[in-house]
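> This is upload.txt (compact mmCIF, C-alpha atoms and all ligand atoms).
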# COMPACT_ATOMS: atom_id res chain seq x y z
CA MET X 11 -131.56 100.19 -127.40
CA ILE X 12 -132.07 96.90 -125.58
CA LEU X 13 -129.46 94.42 -126.74
CA ASP X 14 -130.33 90.79 -126.64
CA ASN X 15 -128.59 88.23 -124.46
CA GLN X 16 -129.48 85.22 -126.60
CA ARG X 17 -127.31 86.05 -129.58
CA ALA X 18 -123.60 86.53 -130.16
CA LEU X 19 -121.46 87.84 -132.98
CA VAL X 20 -118.11 86.14 -133.58
CA VAL X 21 -115.28 87.95 -135.35
CA PHE X 22 -114.45 85.11 -137.68
CA SER X 23 -111.40 84.50 -139.86
CA GLY X 24 -111.84 80.77 -140.41
CA GLY X 25 -108.61 80.02 -138.53
CA GLN X 26 -108.12 77.61 -135.65
CA ASP X 27 -108.83 80.14 -132.92
CA SER X 28 -111.90 81.88 -134.28
CA THR X 29 -113.39 78.56 -135.43
CA THR X 30 -113.02 77.19 -131.91
CA CYS X 31 -114.69 80.39 -130.68
CA LEU X 32 -117.52 79.95 -133.19
CA PHE X 33 -118.38 76.56 -131.70
CA TRP X 34 -117.87 77.89 -128.16
CA ALA X 35 -120.43 80.58 -129.02
CA LYS X 36 -122.82 77.98 -130.45
CA LYS X 37 -122.67 76.18 -127.11
CA HIS X 38 -123.36 79.31 -125.06
CA PHE X 39 -125.82 81.28 -127.22
CA LYS X 40 -129.06 80.49 -128.97
CA GLU X 41 -128.16 82.19 -132.20
CA VAL X 42 -124.69 82.93 -133.57
CA TYR X 43 -123.53 85.37 -136.22
CA ALA X 44 -120.09 85.23 -137.86
CA LEU X 45 -118.50 88.30 -139.41
CA SER X 46 -115.39 87.99 -141.61
CA PHE X 47 -113.24 90.81 -142.88
CA VAL X 48 -111.66 91.27 -146.27
CA TYR X 49 -108.73 93.56 -145.46
CA GLY X 50 -106.37 93.03 -148.35
CA GLN X 51 -104.88 89.86 -146.87
CA LYS X 52 -102.72 87.84 -149.30
CA HIS X 53 -104.80 84.75 -148.67
CA ALA X 54 -108.21 86.25 -149.26
CA HIS X 55 -109.64 82.77 -149.93
CA GLU X 56 -109.60 82.37 -146.13
CA VAL X 57 -112.88 84.30 -146.19
CA ASP X 58 -114.47 81.71 -148.53
CA LEU X 59 -113.28 78.95 -146.22
CA ALA X 60 -114.70 80.88 -143.28
CA GLU X 61 -118.04 81.12 -145.06
CA ASP X 62 -118.08 77.35 -145.70
CA ILE X 63 -117.36 76.64 -142.03
CA ALA X 64 -120.00 79.12 -140.83
CA ARG X 65 -122.68 77.82 -143.19
CA GLY X 66 -121.81 74.24 -142.25
CA ALA X 67 -122.20 75.18 -138.58
CA GLY X 68 -125.60 76.73 -139.26
CA VAL X 69 -124.68 80.24 -138.23
CA HIS X 70 -125.41 83.52 -139.98
CA PHE X 71 -122.47 84.67 -142.08
CA ASP X 72 -121.49 88.03 -143.45
CA ARG X 73 -118.31 89.53 -144.87
CA MET X 74 -117.18 93.11 -144.55
CA ASP X 75 -114.86 94.88 -146.94
CA VAL X 76 -112.20 96.86 -145.04
CA ASP X 77 -109.43 97.03 -147.63
CA PHE X 78 -108.44 100.47 -146.33
CA ILE X 79 -106.49 98.56 -143.63
CA ALA X 80 -103.99 97.31 -146.23
CA ARG X 81 -103.63 100.82 -147.62
CA LEU X 82 -102.79 102.33 -144.24
CA GLY X 83 -99.41 100.67 -143.91
CA HIS X 84 -97.07 97.88 -144.89
CA ASN X 85 -96.98 94.46 -143.31
CA ALA X 86 -96.21 90.93 -144.42
CA LEU X 87 -99.83 89.74 -144.29
CA THR X 88 -101.05 92.23 -146.88
CA ASP X 89 -97.94 93.10 -148.88
CA SER X 90 -96.96 90.31 -151.27
CA SER X 91 -93.50 91.80 -151.84
CA MET X 92 -92.62 91.54 -148.15
CA ALA X 93 -91.19 88.31 -146.73
CA MET X 94 -92.61 87.51 -143.31
CA ASP X 95 -90.51 87.34 -140.16
CA GLU X 96 -90.00 83.71 -139.23
CA THR X 97 -89.11 84.69 -135.68
CA LYS X 98 -90.13 87.60 -133.53
CA PRO X 99 -87.60 90.45 -133.73
CA ALA X 100 -86.42 91.82 -130.34
CA GLY X 101 -88.36 94.80 -129.07
CA SER X 102 -91.06 94.99 -131.76
CA PRO X 103 -93.91 92.89 -133.10
CA PRO X 104 -93.14 90.67 -136.13
CA ASN X 105 -93.86 92.19 -139.55
CA THR X 106 -96.99 90.02 -139.78
CA PHE X 107 -98.54 92.43 -137.27
CA VAL X 108 -101.32 94.45 -138.93
CA PRO X 109 -101.53 97.60 -136.79
CA GLY X 110 -105.05 98.38 -135.66
CA ARG X 111 -106.55 95.19 -137.09
CA ASN X 112 -108.34 93.99 -133.98
CA LEU X 113 -109.25 97.56 -133.07
CA PHE X 114 -110.95 98.04 -136.43
CA PHE X 115 -112.49 94.56 -136.57
CA LEU X 116 -114.00 94.72 -133.10
CA SER X 117 -115.20 98.31 -133.49
CA ILE X 118 -116.92 97.46 -136.77
CA ALA X 119 -118.27 94.23 -135.27
CA ALA X 120 -119.76 96.19 -132.36
CA VAL X 121 -121.57 98.59 -134.68
CA TYR X 122 -122.77 95.66 -136.79
CA ALA X 123 -123.98 93.88 -133.64
CA ARG X 124 -125.70 96.95 -132.23
CA GLU X 125 -127.65 97.48 -135.45
CA ARG X 126 -128.97 93.94 -135.04
CA GLY X 127 -129.60 94.24 -131.33
CA ILE X 128 -126.80 91.83 -130.39
CA ARG X 129 -124.99 92.40 -127.09
CA HIS X 130 -122.34 89.69 -127.07
CA LEU X 131 -119.14 89.88 -129.11
CA VAL X 132 -116.67 87.01 -129.32
CA THR X 133 -113.04 87.16 -130.45
CA GLY X 134 -110.33 84.49 -130.50
CA VAL X 135 -107.46 86.66 -129.27
CA SER X 136 -105.07 85.08 -126.79
CA GLN X 137 -102.45 86.66 -124.60
CA THR X 138 -100.78 83.32 -123.92
CA ASP X 139 -99.52 82.74 -127.46
CA TYR X 140 -99.95 86.28 -128.68
CA SER X 141 -96.91 86.33 -130.98
CA GLY X 142 -96.07 89.85 -129.86
CA TYR X 143 -99.29 91.39 -131.19
CA PRO X 144 -100.33 94.06 -128.67
CA ASP X 145 -104.00 93.95 -129.69
CA CYS X 146 -104.29 90.31 -128.57
CA ARG X 147 -103.72 91.19 -124.93
CA ASP X 148 -106.33 91.14 -122.19
CA SER X 149 -105.73 94.79 -121.28
CA PHE X 150 -106.57 95.79 -124.86
CA ALA X 151 -109.76 93.72 -124.93
CA ARG X 152 -110.98 95.11 -121.59
CA SER X 153 -110.13 98.65 -122.52
CA LEU X 154 -111.88 98.34 -125.88
CA ASN X 155 -114.97 96.86 -124.25
CA VAL X 156 -115.25 99.99 -122.08
CA THR X 157 -114.61 102.23 -125.08
CA LEU X 158 -117.26 100.51 -127.21
CA ASN X 159 -119.79 100.90 -124.42
CA LEU X 160 -118.96 104.59 -124.05
CA ALA X 161 -118.93 105.13 -127.81
CA MET X 162 -122.44 103.77 -128.30
CA ASP X 163 -123.89 104.04 -124.79
CA GLU X 164 -124.50 100.29 -124.75
CA GLN X 165 -123.54 97.37 -122.55
CA PHE X 166 -121.62 95.11 -124.88
CA VAL X 167 -119.92 92.05 -123.46
CA LEU X 168 -116.67 91.21 -125.23
CA HIS X 169 -115.87 87.52 -124.75
CA THR X 170 -112.32 86.22 -125.16
CA PRO X 171 -112.62 82.48 -124.41
CA LEU X 172 -109.04 81.76 -125.51
CA MET X 173 -107.35 84.63 -123.67
CA TRP X 174 -105.53 82.46 -121.13
CA LEU X 175 -105.29 79.23 -123.14
CA ASP X 176 -102.15 78.09 -124.91
CA LYS X 177 -102.42 76.28 -128.24
CA CYS X 178 -102.52 72.88 -126.55
CA GLN X 179 -105.48 73.98 -124.42
CA THR X 180 -107.19 75.52 -127.45
CA TRP X 181 -107.02 72.11 -129.16
CA ALA X 182 -108.42 70.56 -125.99
CA LEU X 183 -111.32 73.02 -126.10
CA ALA X 184 -112.01 72.19 -129.76
CA ASP X 185 -112.06 68.51 -128.84
CA GLU X 186 -114.39 69.15 -125.91
CA LEU X 187 -116.71 71.01 -128.29
CA GLY X 188 -116.63 68.00 -130.65
CA VAL X 189 -114.89 69.80 -133.50
CA LEU X 190 -111.25 68.76 -133.29
CA ASP X 191 -111.26 67.12 -136.73
CA LEU X 192 -113.14 70.00 -138.31
CA VAL X 193 -110.69 72.53 -136.87
CA ARG X 194 -107.71 70.40 -137.81
CA ASN X 195 -108.74 69.75 -141.40
CA HIS X 196 -110.80 72.72 -142.52
CA THR X 197 -109.36 75.83 -140.90
CA LEU X 198 -106.64 78.06 -142.29
CA THR X 199 -104.04 79.43 -139.91
CA CYS X 200 -100.96 79.13 -142.12
CA TYR X 201 -99.27 82.35 -143.28
CA ASN X 202 -98.59 80.60 -146.59
CA GLY X 203 -102.27 79.93 -147.20
CA VAL X 204 -102.24 76.12 -146.85
CA VAL X 205 -105.43 74.73 -145.28
CA GLY X 206 -105.43 72.21 -142.41
CA ASP X 207 -102.00 71.17 -141.16
CA GLY X 208 -100.54 73.97 -143.31
CA CYS X 209 -97.09 74.50 -144.85
CA GLY X 210 -95.49 73.17 -141.66
CA HIS X 211 -92.78 75.81 -141.25
CA CYS X 212 -94.26 79.31 -140.92
CA PRO X 213 -94.59 80.68 -137.36
CA ALA X 214 -98.37 80.08 -137.32
CA CYS X 215 -97.97 76.45 -138.43
CA THR X 216 -95.18 75.84 -135.94
CA LEU X 217 -97.26 77.15 -133.04
CA ARG X 218 -100.34 75.24 -134.18
CA ARG X 219 -98.47 71.97 -134.71
CA LYS X 220 -96.63 72.10 -131.37
CA GLY X 221 -99.94 72.67 -129.61
CA LEU X 222 -101.62 69.82 -131.45
CA GLU X 223 -98.76 67.40 -130.78
CA ALA X 224 -98.78 68.32 -127.10
CA TYR X 225 -102.54 67.86 -126.90
CA LEU X 226 -102.60 64.51 -128.75
CA GLN X 227 -99.77 63.25 -126.56
CA GLN X 228 -101.60 64.38 -123.43
CA LYS X 229 -104.81 62.74 -124.64
CA ALA X 230 -103.03 59.47 -125.44
CA GLY X 231 -101.46 59.59 -121.98
CA ASN X 232 -104.85 60.06 -120.34
CA THR X 233 -106.36 57.22 -122.34
CA THR X 234 -103.56 54.89 -121.26
CA ALA X 235 -103.86 56.00 -117.64
CA HIS X 236 -107.64 55.55 -117.55
CA PRO X 237 -108.56 52.73 -119.92
ZN ZN X 301 -97.67 77.66 -142.62
Please lay out the structure from this file as structure tokens.


Amino acid sequence: MILDNQRALVVFSGGQDSTTCLFWAKKHFKEVYALSFVYGQKHAHEVDLAEDIARGAGVHFDRMDVDFIARLGHNALTDSSMAMDETKPAGSPPNTFVPGRNLFFLSIAAVYARERGIRHLVTGVSQTDYSGYPDCRDSFARSLNVTLNLAMDEQFVLHTPLMWLDKCQTWALADELGVLDLVRNHTLTCYNGVVGDGCGHCPACTLRRKGLEAYLQQKAGNTTAHP
């Protein structure tokens, strides 16, 4: 099958990172598709928010039901009875790690893309602020890209525009793409399900806020230096 270079599929959760990737993809490809996953996450309304963002951005949107992921094991993102780790425990990922999540998401996304003749896949994983999740690392993304190509005898290109960016640089990218306010006010990153600036104290909010403060400070500094 000849896959098309003009279109890209973004694995899209409606959070800060994947929303930034959605607009990155809009800049680089003629036509963009967003695919969100319902995997038994506590804050399933994130998928409705993702749909609003995608429709507002004029990209194709679809959601995929993969609730088997929550039934495979226990973690604090899908199990309401489990309190999440506020800090990363030594020697293991935090209990917000959903084993296999990116493996499943990207594999399903690749099949979905192939059936529509789409070559390019985009994911917002980052090794810089990866919170101890092994499937956010560059080695995983590269290895999976090879595996997907072998599995379907295709030439997919897996893009990871945030791989080497920290949260401050991810905010800078959102600003460069003209969507800083949209990302700040309409995305959901918070583990407690609070949109925008979030609950303020969960690990995801802390990381996001520190990055934003650093970026706004840097921007203010630049403005003062170059009036
Ligand atoms: Zn939070």

> Report, in Å with one decimal, the straight-line distance from CA of Leu192 in chain X to CA of Ser23 in chain X.

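For CA of Leu192 in chain X relative to CA of Ser23 in chain X, the distance reads 14.7 Å.
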
> Can you work out which residues are within 7 Å of ligand ZN 301 (chain X), considering only C-alpha atoms and all ligand atoms, and then hand them over as number ranges by chain?

X: 200-204, 208-215

> Using all atoms listed in the file, which protein or nucleic acid residues come within 12 Å of His55 in chain X? Drop anything in the same chain fewer than 3 positions from it, and give the result as a list in words.

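My reading of the contact set: Ser23, Gly24, Gly25, Ser46, Phe47, Val48, Tyr49, Gly50, Gln51, Lys52, Asp58, Leu59, Ala60, Glu61, Asp62, Thr197, Leu198, Thr199, Asn202, Gly203, Val204 and Val205 of chain X.
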
> Which polymer residues, whether protein, DNA or RNA, lie within 8 Å of the coordinate (-123.3, 86.1, -130.2) when you count all atoms listed in the file? List them as an MDAnalysis selection string, using the chain letters and numbers from the file.

chainID X and resid 16:20 35 39 41:43 128:132

> For CA of Ser90 in chain X and CA of Gly142 in chain X, quote the distance in Å rounded to one decimal.

21.4 Å

> When you draw a straight line from CA of Gln179 in chain X to CA of Thr216 in chain X, how long is it in Å?

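Here the two named atoms are 15.6 Å from each other.
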
> When distances are computed from all atoms listed in the file, which of X:Ala182, X:Leu172, X:Leu187, X:Ala230 shows the smallest separation from Asp139 in chain X?

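Among the listed residues, X:Leu172 lies closest to Asp139 in chain X.
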
> Give the centre and edge lengths of an axis-aligned box, in Å to one decimal, that holds all listed atoms of range 16-34 of chain X with 4 Å on each side, as JSON.


{"center_x": -118.8, "center_y": 82.3, "center_z": -133.5, "size_x": 29.4, "size_y": 19.4, "size_z": 21.8}

> Which residues of range 108-214 of chain X come within 12 Å of range 65-73 of chain X, and what is each one's closest atom pair and distance in Å (one decimal), counting all atoms listed in the file, sorted by chain and residue number, as a Markdown table?


| residue | atom | partner | partner_atom | distance |
| --- | --- | --- | --- | --- |
| X:Phe115 | CA | X:Arg73 | CA | 11.3 |
| X:Ile118 | CA | X:Arg73 | CA | 11.4 |
| X:Ala119 | CA | X:Arg73 | CA | 10.7 |
| X:Tyr122 | CA | X:Asp72 | CA | 10.2 |
| X:Ala123 | CA | X:Asp72 | CA | 11.7 |
| X:Val189 | CA | X:Ala67 | CA | 10.4 |
| X:Leu192 | CA | X:Gly66 | CA | 10.4 |
| X:Val193 | CA | X:Ala67 | CA | 11.9 |
| X:His196 | CA | X:Gly66 | CA | 11.1 |

> Counting all atoms listed in the file, which residue out of X:Gln137, X:Ser28, X:Ser117, X:Ser149 sits closest to Met162 in chain X?

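Of the candidates, the smallest distance to Met162 in chain X is held by X:Ser117.
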
> For Asn155 in chain X, find every residue with an atom within 12 Å (counting only C-alpha atoms), except residues of its own chain fewer than 2 positions away, and show them as an NGL selection string.

:X and (113 or 116-117 or 119-120 or 129-133 or 148-153 or 157-170)

> Could you rebuild range 181-192 of chain X with N, CA and C atoms and give me the result as a CSV table (one decimal), in the coordinates of the input?


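What follows is the written file rebuild_14.csv:
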chain,number,residue,atom,x,y,z
X,181,TRP,N,-106.7,73.4,-128.5
X,181,TRP,CA,-107.0,72.1,-129.2
X,181,TRP,C,-107.9,71.3,-128.2
X,182,ALA,N,-107.6,71.3,-127.0
X,182,ALA,CA,-108.4,70.6,-126.0
X,182,ALA,C,-109.9,71.1,-126.0
X,183,LEU,N,-110.0,72.4,-126.1
X,183,LEU,CA,-111.3,73.0,-126.1
X,183,LEU,C,-112.1,72.6,-127.4
X,184,ALA,N,-111.4,72.6,-128.5
X,184,ALA,CA,-112.0,72.2,-129.8
X,184,ALA,C,-112.5,70.7,-129.6
X,185,ASP,N,-111.7,69.9,-129.0
X,185,ASP,CA,-112.1,68.5,-128.8
X,185,ASP,C,-113.3,68.4,-127.9
X,186,GLU,N,-113.3,69.1,-126.9
X,186,GLU,CA,-114.4,69.2,-125.9
X,186,GLU,C,-115.7,69.6,-126.6
X,187,LEU,N,-115.5,70.5,-127.6
X,187,LEU,CA,-116.7,71.0,-128.3
X,187,LEU,C,-117.1,70.1,-129.4
X,188,GLY,N,-116.3,69.0,-129.6
X,188,GLY,CA,-116.6,68.0,-130.6
X,188,GLY,C,-116.2,68.4,-132.0
X,189,VAL,N,-115.3,69.3,-132.2
X,189,VAL,CA,-114.9,69.8,-133.5
X,189,VAL,C,-113.4,69.7,-133.8
X,190,LEU,N,-112.7,68.8,-133.1
X,190,LEU,CA,-111.2,68.8,-133.3
X,190,LEU,C,-110.9,68.5,-134.7
X,191,ASP,N,-111.6,67.5,-135.3
X,191,ASP,CA,-111.3,67.1,-136.7
X,191,ASP,C,-111.6,68.3,-137.7
X,192,LEU,N,-112.7,68.9,-137.4
X,192,LEU,CA,-113.1,70.0,-138.3
X,192,LEU,C,-112.1,71.1,-138.2
